[in-house]
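Enquirer: To be precise about what I am sending: the file is called coords.json and holds JSON, C-alpha atoms.
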[["chain", "number", "residue", "atom", "x", "y", "z"],
["A", 21, "VAL", "CA", 27.81, 16.12, -60.08],
["A", 22, "ILE", "CA", 29.09, 14.45, -56.96],
["A", 23, "THR", "CA", 30.08, 17.81, -55.42],
["A", 24, "VAL", "CA", 26.65, 19.32, -56.18],
["A", 25, "ALA", "CA", 24.91, 16.24, -54.75],
["A", 26, "THR", "CA", 27.05, 16.43, -51.59],
["A", 27, "ILE", "CA", 26.26, 20.15, -51.15],
["A", 28, "LEU", "CA", 22.54, 19.56, -51.69],
["A", 29, "GLY", "CA", 22.58, 16.62, -49.28],
["A", 30, "THR", "CA", 24.34, 18.67, -46.59],
["A", 31, "MET", "CA", 21.85, 21.54, -47.08],
["A", 32, "ALA", "CA", 18.92, 19.12, -46.78],
["A", 33, "SER", "CA", 20.38, 17.69, -43.56],
["A", 34, "LEU", "CA", 20.92, 21.17, -42.13],
["A", 35, "LEU", "CA", 17.36, 22.17, -43.08],
["A", 36, "GLY", "CA", 15.99, 19.03, -41.42],
["A", 37, "LEU", "CA", 17.99, 19.76, -38.28],
["A", 38, "TRP", "CA", 16.75, 23.37, -38.19],
["A", 39, "VAL", "CA", 13.10, 22.26, -38.61],
["A", 40, "GLY", "CA", 13.56, 19.69, -35.86],
["A", 41, "LEU", "CA", 15.07, 22.22, -33.47],
["A", 42, "GLN", "CA", 12.27, 24.71, -34.14],
["A", 43, "ALA", "CA", 9.63, 22.07, -33.50],
["A", 44, "GLN", "CA", 11.36, 21.02, -30.27],
["A", 45, "ARG", "CA", 11.54, 24.66, -29.12],
["A", 46, "ARG", "CA", 7.86, 25.24, -29.83],
["A", 47, "TYR", "CA", 6.96, 22.03, -28.03],
["A", 48, "ASN", "CA", 9.08, 23.01, -25.01],
["A", 49, "GLU", "CA", 7.50, 26.45, -24.92],
["A", 50, "ARG", "CA", 4.03, 24.97, -25.06],
["A", 51, "GLU", "CA", 4.92, 22.47, -22.36],
["A", 52, "LEU", "CA", 6.37, 25.23, -20.17],
["A", 53, "ALA", "CA", 3.28, 27.38, -20.63],
["A", 54, "HIS", "CA", 1.10, 24.39, -19.84],
["A", 55, "ARG", "CA", 3.07, 23.69, -16.65],
["A", 56, "ARG", "CA", 3.05, 27.35, -15.61],
["A", 57, "GLY", "CA", -0.69, 27.53, -16.21],
["A", 58, "ARG", "CA", -1.19, 24.46, -14.07],
["A", 59, "GLU", "CA", 0.95, 25.86, -11.26],
["A", 60, "ARG", "CA", -0.93, 29.17, -11.38],
["A", 61, "ALA", "CA", -4.23, 27.28, -11.31],
["A", 62, "LEU", "CA", -3.11, 25.33, -8.25],
["A", 63, "GLN", "CA", -2.12, 28.46, -6.41],
["A", 64, "ALA", "CA", -5.52, 30.04, -7.05],
["A", 65, "PRO", "CA", -8.33, 29.05, -4.70],
["A", 66, "LEU", "CA", -10.41, 26.33, -6.35],
["A", 67, "ASP", "CA", -14.00, 25.47, -5.64],
["A", 68, "THR", "CA", -15.01, 21.83, -5.30],
["A", 69, "ALA", "CA", -15.99, 21.36, -8.95],
["A", 70, "GLN", "CA", -12.74, 22.93, -10.19],
["A", 71, "LEU", "CA", -10.73, 20.81, -7.78],
["A", 72, "TRP", "CA", -12.25, 17.58, -9.02],
["A", 73, "ALA", "CA", -12.00, 18.60, -12.68],
["A", 74, "PHE", "CA", -8.35, 19.41, -12.06],
["A", 75, "TRP", "CA", -7.71, 16.01, -10.51],
["A", 76, "ASP", "CA", -9.46, 14.22, -13.39],
["A", 77, "ARG", "CA", -7.52, 16.13, -16.02],
["A", 78, "HIS", "CA", -4.06, 15.91, -14.49],
["A", 79, "ARG", "CA", -4.18, 12.55, -12.73],
["A", 80, "GLY", "CA", -0.75, 10.95, -12.74],
["A", 81, "GLU", "CA", 1.12, 14.13, -13.67],
["A", 82, "LEU", "CA", 0.82, 15.98, -10.38],
["A", 83, "THR", "CA", 3.86, 16.45, -8.21],
["A", 84, "SER", "CA", 3.73, 15.57, -4.51],
["A", 85, "SER", "CA", 3.31, 19.21, -3.48],
["A", 86, "GLN", "CA", 0.51, 19.65, -6.00],
["A", 87, "LEU", "CA", -1.16, 16.50, -4.73],
["A", 88, "ARG", "CA", -0.98, 17.84, -1.20],
["A", 89, "ALA", "CA", -2.46, 21.13, -2.32],
["A", 90, "LEU", "CA", -5.49, 19.26, -3.58],
["A", 91, "THR", "CA", -6.35, 17.98, -0.15],
["A", 92, "SER", "CA", -5.14, 20.77, 2.11],
["A", 93, "ASN", "CA", -8.10, 23.04, 1.62],
["A", 94, "HIS", "CA", -10.47, 21.25, 4.00],
["A", 95, "GLN", "CA", -12.05, 19.22, 1.20],
["A", 96, "ALA", "CA", -10.29, 15.96, 1.95],
["A", 97, "GLN", "CA", -13.44, 14.18, 3.07],
["A", 98, "ALA", "CA", -15.38, 14.99, -0.09],
["A", 99, "PHE", "CA", -12.30, 14.20, -2.17],
["A", 100, "LEU", "CA", -11.82, 10.81, -0.56],
["A", 101, "LEU", "CA", -15.48, 9.93, -0.81],
["A", 102, "ARG", "CA", -15.21, 10.37, -4.52],
["A", 103, "TYR", "CA", -11.70, 9.05, -5.18],
["A", 104, "GLY", "CA", -10.59, 7.17, -2.06],
["A", 105, "GLN", "CA", -11.04, 3.67, -3.42],
["A", 106, "ARG", "CA", -9.17, 4.46, -6.62],
["A", 107, "LEU", "CA", -6.04, 6.04, -5.17],
["A", 108, "THR", "CA", -2.81, 4.21, -5.89],
["A", 109, "SER", "CA", -0.49, 3.33, -3.02],
["A", 110, "THR", "CA", 2.01, 5.98, -4.19],
["A", 111, "GLU", "CA", -0.68, 8.66, -4.09],
["A", 112, "LEU", "CA", -1.81, 7.43, -0.71],
["A", 113, "GLY", "CA", 1.76, 7.58, 0.57],
["A", 114, "ILE", "CA", 2.04, 11.21, -0.47],
["A", 115, "LEU", "CA", -1.34, 12.16, 0.92],
["A", 116, "ALA", "CA", -0.62, 10.37, 4.18],
["A", 117, "ASP", "CA", 2.03, 13.00, 4.95],
["A", 118, "THR", "CA", -0.58, 15.78, 4.95],
["A", 119, "PRO", "CA", -2.19, 16.44, 8.34],
["A", 120, "GLU", "CA", -5.28, 17.95, 6.69],
["A", 121, "PHE", "CA", -5.76, 14.71, 4.83],
["A", 122, "TRP", "CA", -6.32, 12.87, 8.07],
["A", 123, "ILE", "CA", -8.97, 15.31, 9.28],
["A", 124, "GLY", "CA", -11.04, 14.34, 6.27],
["A", 125, "ALA", "CA", -9.84, 10.75, 6.30],
["A", 126, "THR", "CA", -11.32, 10.00, 9.73],
["A", 127, "ALA", "CA", -14.75, 11.03, 8.49],
["A", 128, "TYR", "CA", -14.08, 9.06, 5.32],
["A", 129, "PHE", "CA", -13.27, 5.89, 7.26],
["A", 130, "GLU", "CA", -16.59, 6.19, 9.06],
["A", 131, "SER", "CA", -18.51, 6.69, 5.83],
["A", 132, "VAL", "CA", -16.72, 3.70, 4.24],
["A", 133, "ASP", "CA", -17.60, 1.60, 7.28],
["A", 134, "GLN", "CA", -21.27, 2.37, 6.82],
["A", 135, "ALA", "CA", -21.68, 2.59, 3.07],
["A", 136, "TYR", "CA", -19.15, 0.28, 1.51],
["A", 137, "LEU", "CA", -18.11, -2.55, 3.76],
["A", 138, "GLY", "CA", -20.66, -2.81, 6.52],
["A", 139, "GLU", "CA", -19.78, -2.79, 10.19],
["A", 140, "VAL", "CA", -18.39, -6.33, 10.55],
["A", 141, "ALA", "CA", -16.00, -6.03, 7.61],
["A", 142, "THR", "CA", -13.90, -3.31, 9.20],
["A", 143, "VAL", "CA", -12.05, -3.12, 12.47],
["A", 144, "PRO", "CA", -13.52, -0.50, 14.85],
["A", 145, "ALA", "CA", -12.14, 2.99, 14.17],
["A", 146, "TRP", "CA", -11.12, 3.47, 17.82],
["A", 147, "SER", "CA", -8.67, 0.57, 17.62],
["A", 148, "LEU", "CA", -6.62, 2.26, 14.88],
["A", 149, "ARG", "CA", -6.18, 5.59, 16.66],
["A", 150, "LEU", "CA", -2.92, 4.66, 18.36],
["A", 151, "LEU", "CA", -1.31, 3.69, 15.08],
["A", 152, "ASN", "CA", 0.41, 6.37, 13.04],
["A", 153, "PRO", "CA", -1.64, 7.53, 10.04],
["A", 154, "GLU", "CA", 0.15, 5.40, 7.45],
["A", 155, "ASP", "CA", -0.15, 2.24, 9.52],
["A", 156, "ALA", "CA", -3.79, 3.04, 10.37],
["A", 157, "TRP", "CA", -4.60, 3.28, 6.68],
["A", 158, "ARG", "CA", -2.65, 0.15, 5.86],
["A", 159, "TYR", "CA", -4.30, -2.03, 8.48],
["A", 160, "LYS", "CA", -7.70, -0.55, 7.83],
["A", 161, "LEU", "CA", -7.45, -1.80, 4.24],
["A", 162, "GLU", "CA", -5.59, -5.04, 4.92],
["A", 163, "TRP", "CA", -7.88, -6.19, 7.73],
["A", 164, "SER", "CA", -10.99, -5.08, 5.85],
["A", 165, "ALA", "CA", -9.92, -7.38, 2.99],
["A", 166, "HIS", "CA", -9.47, -10.20, 5.54],
["A", 167, "LEU", "CA", -12.88, -9.69, 7.19],
["A", 168, "TYR", "CA", -14.60, -9.08, 3.87],
["A", 169, "GLN", "CA", -13.39, -12.42, 2.49],
["A", 170, "LEU", "CA", -14.54, -14.29, 5.61],
["A", 171, "LEU", "CA", -18.00, -12.76, 5.23],
["A", 172, "GLU", "CA", -18.04, -13.55, 1.51],
["A", 173, "GLU", "CA", -17.31, -17.19, 2.32],
["A", 174, "GLY", "CA", -20.12, -17.29, 4.90],
["A", 175, "GLU", "CA", -17.81, -17.43, 7.94],
["A", 176, "GLU", "CA", -19.64, -14.73, 9.84],
["A", 177, "LYS", "CA", -18.79, -16.13, 13.28],
["A", 178, "GLN", "CA", -15.08, -16.23, 12.45],
["A", 179, "ALA", "CA", -15.32, -12.68, 11.06],
["A", 180, "HIS", "CA", -16.70, -11.46, 14.40],
["A", 181, "ILE", "CA", -13.95, -13.29, 16.32],
["A", 182, "ASP", "CA", -11.19, -11.96, 14.05],
["A", 183, "ARG", "CA", -12.61, -8.43, 14.17],
["A", 184, "ARG", "CA", -12.30, -8.45, 17.97],
["A", 185, "ARG", "CA", -8.82, -9.99, 17.85],
["A", 186, "LEU", "CA", -7.56, -7.54, 15.26],
["A", 187, "ALA", "CA", -8.94, -4.56, 17.20],
["A", 188, "LEU", "CA", -7.01, -5.68, 20.28],
["A", 189, "MET", "CA", -3.95, -6.47, 18.18],
["A", 190, "ALA", "CA", -4.03, -2.93, 16.73],
["A", 191, "ILE", "CA", -3.33, -1.52, 20.19],
["A", 192, "ALA", "CA", -0.51, -3.98, 20.89],
["A", 193, "LEU", "CA", 0.89, -3.43, 17.40],
["A", 194, "ALA", "CA", 0.85, 0.36, 17.82],
["A", 195, "ILE", "CA", 2.83, 0.08, 21.04],
["A", 196, "ALA", "CA", 5.27, -2.42, 19.53],
["A", 197, "LEU", "CA", 5.83, -0.29, 16.42],
["A", 198, "ARG", "CA", 6.38, 2.87, 18.47],
["A", 199, "ALA", "CA", 8.84, 1.07, 20.73],
["A", 200, "ARG", "CA", 10.65, -0.37, 17.69],
["A", 201, "ARG", "CA", 10.90, 3.09, 16.10],
["A", 202, "ILE", "CA", 12.22, 4.65, 19.30],
["A", 203, "PHE", "CA", 14.87, 1.95, 19.74],
["A", 204, "SER", "CA", 15.89, 2.07, 16.10],
["A", 205, "GLY", "CA", 16.12, 5.86, 16.25],
["A", 206, "THR", "CA", 13.45, 6.54, 13.56],
["A", 207, "ARG", "CA", 10.06, 8.22, 14.00],
["B", 22, "MET", "CA", 24.75, -15.19, 17.30],
["B", 23, "ALA", "CA", 21.60, -16.14, 15.39],
["B", 24, "ARG", "CA", 18.41, -15.06, 17.14],
["B", 25, "SER", "CA", 15.98, -17.69, 18.25],
["B", 26, "ARG", "CA", 12.61, -17.54, 16.50],
["B", 27, "SER", "CA", 9.31, -18.28, 18.21],
["B", 28, "HIS", "CA", 7.30, -21.35, 17.32],
["B", 29, "GLN", "CA", 4.61, -19.08, 15.82],
["B", 30, "THR", "CA", 7.14, -17.40, 13.54],
["B", 31, "LYS", "CA", 8.30, -20.81, 12.35],
["B", 32, "LEU", "CA", 4.69, -21.68, 11.52],
["B", 33, "VAL", "CA", 4.45, -18.54, 9.39],
["B", 34, "PHE", "CA", 7.70, -19.45, 7.61],
["B", 35, "GLN", "CA", 6.38, -22.95, 6.98],
["B", 36, "ALA", "CA", 3.13, -21.52, 5.58],
["B", 37, "PHE", "CA", 5.12, -19.50, 3.05],
["B", 38, "LEU", "CA", 7.28, -22.47, 2.09],
["B", 39, "ASP", "CA", 4.17, -24.64, 1.62],
["B", 40, "ALA", "CA", 2.22, -22.00, -0.33],
["B", 41, "PRO", "CA", 1.36, -23.06, -3.90],
["B", 42, "THR", "CA", 2.54, -19.70, -5.27],
["B", 43, "ASP", "CA", 5.39, -17.56, -3.95],
["B", 44, "GLU", "CA", 2.94, -14.87, -2.79],
["B", 45, "ALA", "CA", 0.30, -15.11, -0.08],
["B", 46, "TYR", "CA", -2.07, -12.64, 1.58],
["B", 47, "GLY", "CA", -2.90, -12.35, 5.28],
["B", 48, "LEU", "CA", -5.92, -14.64, 5.49],
["B", 49, "GLN", "CA", -4.11, -17.40, 3.56],
["B", 50, "ILE", "CA", -1.24, -17.27, 6.05],
["B", 51, "VAL", "CA", -3.65, -17.23, 9.01],
["B", 52, "ARG", "CA", -5.36, -20.35, 7.67],
["B", 53, "ALA", "CA", -2.18, -22.20, 6.67],
["B", 54, "SER", "CA", -0.37, -21.48, 9.94],
["B", 55, "GLY", "CA", -3.38, -22.07, 12.20],
["B", 56, "LEU", "CA", -2.50, -18.93, 14.17],
["B", 57, "ALA", "CA", -4.94, -16.33, 15.48],
["B", 58, "ALA", "CA", -5.38, -13.44, 13.05],
["B", 59, "GLY", "CA", -3.82, -10.85, 15.38],
["B", 60, "THR", "CA", -0.72, -12.98, 16.01],
["B", 61, "ALA", "CA", -0.17, -13.72, 12.32],
["B", 62, "TYR", "CA", -0.40, -10.07, 11.22],
["B", 63, "ALA", "CA", 2.00, -8.97, 13.97],
["B", 64, "ILE", "CA", 4.53, -11.58, 12.79],
["B", 65, "LEU", "CA", 4.07, -10.58, 9.13],
["B", 66, "ARG", "CA", 4.78, -6.97, 10.06],
["B", 67, "ARG", "CA", 7.90, -7.84, 12.04],
["B", 68, "LEU", "CA", 9.28, -10.05, 9.27],
["B", 69, "GLU", "CA", 8.56, -7.32, 6.72],
["B", 70, "ASP", "CA", 10.36, -4.73, 8.87],
["B", 71, "GLU", "CA", 13.32, -7.12, 9.16],
["B", 72, "GLY", "CA", 13.48, -7.41, 5.38],
["B", 73, "LEU", "CA", 12.61, -11.12, 5.34],
["B", 74, "LEU", "CA", 9.27, -10.47, 3.66],
["B", 75, "GLU", "CA", 8.24, -7.94, 1.08],
["B", 76, "GLY", "CA", 4.66, -6.76, 0.71],
["B", 77, "ARG", "CA", 2.69, -5.18, -2.11],
["B", 78, "TRP", "CA", -0.91, -4.09, -2.57],
["B", 79, "GLU", "CA", -3.08, -5.98, -4.99],
["B", 80, "GLU", "CA", -3.73, -3.77, -7.98],
["B", 81, "ILE", "CA", -7.49, -3.77, -8.36],
["B", 82, "ASP", "CA", -10.16, -1.15, -8.79],
["B", 83, "ALA", "CA", -11.84, -1.63, -5.43],
["B", 84, "THR", "CA", -15.00, 0.16, -6.60],
["B", 85, "SER", "CA", -15.66, -2.15, -9.56],
["B", 86, "GLN", "CA", -14.48, -5.29, -7.71],
["B", 87, "GLY", "CA", -16.58, -4.37, -4.68],
["B", 88, "ARG", "CA", -13.92, -5.40, -2.17],
["B", 89, "PRO", "CA", -10.84, -3.87, -0.56],
["B", 90, "PRO", "CA", -7.42, -4.70, -2.04],
["B", 91, "ARG", "CA", -5.37, -7.45, -0.42],
["B", 92, "ARG", "CA", -1.81, -7.06, 0.72],
["B", 93, "TYR", "CA", 0.38, -9.79, -0.72],
["B", 94, "TYR", "CA", 3.60, -10.93, 0.92],
["B", 95, "ARG", "CA", 6.51, -12.95, -0.42],
["B", 96, "LEU", "CA", 9.77, -14.14, 1.09],
["B", 97, "THR", "CA", 12.85, -12.18, 0.07],
["B", 98, "ALA", "CA", 16.01, -14.11, -0.81],
["B", 99, "GLU", "CA", 17.26, -13.65, 2.75],
["B", 100, "GLY", "CA", 13.78, -14.55, 4.08],
["B", 101, "ARG", "CA", 13.78, -17.78, 2.10],
["B", 102, "ARG", "CA", 17.20, -18.70, 3.48],
["B", 103, "VAL", "CA", 16.12, -17.97, 7.07],
["B", 104, "ALA", "CA", 12.78, -19.78, 6.56],
["B", 105, "HIS", "CA", 14.54, -22.93, 5.32],
["B", 106, "HIS", "CA", 17.00, -22.78, 8.19],
["B", 107, "GLU", "CA", 14.31, -22.25, 10.85],
["B", 108, "THR", "CA", 11.97, -24.93, 9.58],
["B", 109, "ALA", "CA", 14.83, -27.40, 9.06],
["B", 110, "ASP", "CA", 15.38, -27.37, 12.84],
["B", 111, "GLY", "CA", 11.79, -28.44, 13.36],
["B", 112, "ARG", "CA", 12.03, -31.14, 10.71],
["B", 113, "ASN", "CA", 15.23, -32.51, 12.25],
["B", 114, "ALA", "CA", 13.61, -32.63, 15.69],
["B", 115, "LEU", "CA", 10.62, -34.52, 14.31],
["B", 116, "ARG", "CA", 12.94, -36.95, 12.51],
["B", 117, "LEU", "CA", 14.86, -37.62, 15.73],
["B", 118, "LEU", "CA", 11.65, -38.20, 17.65],
["B", 119, "SER", "CA", 10.27, -40.56, 15.03],
["B", 120, "HIS", "CA", 13.51, -42.61, 15.11],
["B", 121, "GLY", "CA", 13.51, -42.86, 18.91],
["B", 122, "TRP", "CA", 16.80, -40.89, 19.28],
["B", 123, "THR", "CA", 18.77, -43.69, 17.67]]
Take the structure I supplied and represent it as structure tokens, if you would.
Expert:
Amino acid sequence: VITVATILGTMASLLGLWVGLQAQRRYNERELAHRRGRERALQAPLDTAQLWAFWDRHRGELTSSQLRALTSNHQAQAFLLRYGQRLTSTELGILADTPEFWIGATAYFESVDQAYLGEVATVPAWSLRLLNPEDAWRYKLEWSAHLYQLLEEGEEKQAHIDRRRLALMAIALAIALRARRIFSGTR
Amino acid sequence: MARSRSHQTKLVFQAFLDAPTDEAYGLQIVRASGLAAGTAYAILRRLEDEGLLEGRWEEIDATSQGRPPRRYYRLTAEGRRVAHHETADGRNALRLLSHGWT
């Protein structure tokens, strides 16, 4: 009885293992097909609606090269207008490496100035031009938060003063950061 | 040889040490240190590049909150050590002055 029970037990374990392996293989195949389909879709030219649907569906799973592909087809401005405020800092970091992103981003900054924050709550766009793209984005956001809070608390005069000071500081900061990068041997 | 820090940098260090929480954003530091906004942000950047401060973005949905995210800074372990050292000099000087160099 013990021998039969042992044999049956071993057979059941082997059957379970085989079922598990088959399920894993099917899952892997499906996953591979899914990934291949996604890669093919990214290589194909997408219209605006497809692009946005793609972003909505695959948010968080896209690789850095796929993320770049989403904004390197001259649609960065429209993309940012729709998603700019919701991008995570990691996504922004990846996008910031794409030159095409900045073509659209400049127009986006201007539209944000007008529509979202109002003129006083952002530093003038010209003052950020000497900064490299990542720093320009960083200080645009950081200083907007600063000016926005002053305005919220009714300190409009101080907001105007700080806006002027920060605009001038952006130029000095850009020069200092460039000099620091040159001396430290990084770009 | 230890580098000499500017008075403004010491004010920023003091603002961090006096902060009620271990994180502070730009405007809080500007107000606590009494420095002009431009000066304070330049110092924050330099200290961050030196590894004495670490920064992170506030995680909010800017659209629903209706405001841009803040950048929070905190002293690193090394930053805390340097901040204590730098501000201790100032405290010692004040103590000496108040005791008439006795």
Enquirer: Residues of chain B near chain A: apply a cut-off of 9 Å, count only C-alpha atoms, and supply the list as a PDB file with C-alpha atoms, in the coordinates of the input.
Expert:
ATOM      1  CA  TYR B  46      -2.070 -12.640   1.580  1.00  0.00           C
ATOM      2  CA  GLY B  47      -2.900 -12.350   5.280  1.00  0.00           C
ATOM      3  CA  LEU B  48      -5.920 -14.640   5.490  1.00  0.00           C
ATOM      4  CA  ALA B  57      -4.940 -16.330  15.480  1.00  0.00           C
ATOM      5  CA  ALA B  58      -5.380 -13.440  13.050  1.00  0.00           C
ATOM      6  CA  GLY B  59      -3.820 -10.850  15.380  1.00  0.00           C
ATOM      7  CA  THR B  60      -0.720 -12.980  16.010  1.00  0.00           C
ATOM      8  CA  TYR B  62      -0.400 -10.070  11.220  1.00  0.00           C
ATOM      9  CA  ALA B  63       2.000  -8.970  13.970  1.00  0.00           C
ATOM     10  CA  ARG B  67       7.900  -7.840  12.040  1.00  0.00           C
ATOM     11  CA  TRP B  78      -0.910  -4.090  -2.570  1.00  0.00           C
ATOM     12  CA  GLU B  80      -3.730  -3.770  -7.980  1.00  0.00           C
ATOM     13  CA  ILE B  81      -7.490  -3.770  -8.360  1.00  0.00           C
ATOM     14  CA  ASP B  82     -10.160  -1.150  -8.790  1.00  0.00           C
ATOM     15  CA  ALA B  83     -11.840  -1.630  -5.430  1.00  0.00           C
ATOM     16  CA  THR B  84     -15.000   0.160  -6.600  1.00  0.00           C
ATOM     17  CA  GLY B  87     -16.580  -4.370  -4.680  1.00  0.00           C
ATOM     18  CA  ARG B  88     -13.920  -5.400  -2.170  1.00  0.00           C
ATOM     19  CA  PRO B  89     -10.840  -3.870  -0.560  1.00  0.00           C
ATOM     20  CA  PRO B  90      -7.420  -4.700  -2.040  1.00  0.00           C
ATOM     21  CA  ARG B  91      -5.370  -7.450  -0.420  1.00  0.00           C
ATOM     22  CA  ARG B  92      -1.810  -7.060   0.720  1.00  0.00           C
TER      23      ARG B  92
END
Enquirer: If the box runs along x, y and z of the file and leaves 3 Å on each side of range 187-203 of chain A, what are its centre and edge lengths in Å, one decimal, as lines of an AutoDock Vina configuration file?
Expert:
center_x = 3.0
center_y = -0.9
center_z = 18.6
size_x = 29.8
size_y = 17.1
size_z = 10.9
Enquirer: Name the closest residue to Leu96 in chain B among the candidates B:Val51, B:Val33, B:Leu73, B:Ile64; distances are taken between atoms, counting all atoms listed in the file.
Expert: B:Leu73
Enquirer: Please, what distance in Å, to one decimal, runs between CA of Glu69 in chain B and CA of Ala145 in chain A?
Expert: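 Interatomic distance, CA of Glu69 in chain B to CA of Ala145 in chain A: 24.3 Å.
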Enquirer: Give me, please, the distance in Å between CA of Glu44 in chain B and CA of Arg95 in chain B, quoted to one decimal.
Expert: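 That distance, rounded to one decimal, is 4.7 Å.
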Enquirer: If I take CA of Asp70 in chain B and CA of Pro144 in chain A, how far is one from the other in Å, to one decimal?
Expert: 25.0 Å
Enquirer: So, counting all atoms listed in the file, which residue among B:Ser54, B:Gly72, B:Phe37, B:Gln29 is closest to Ala104 in chain B?
Expert: B:Phe37
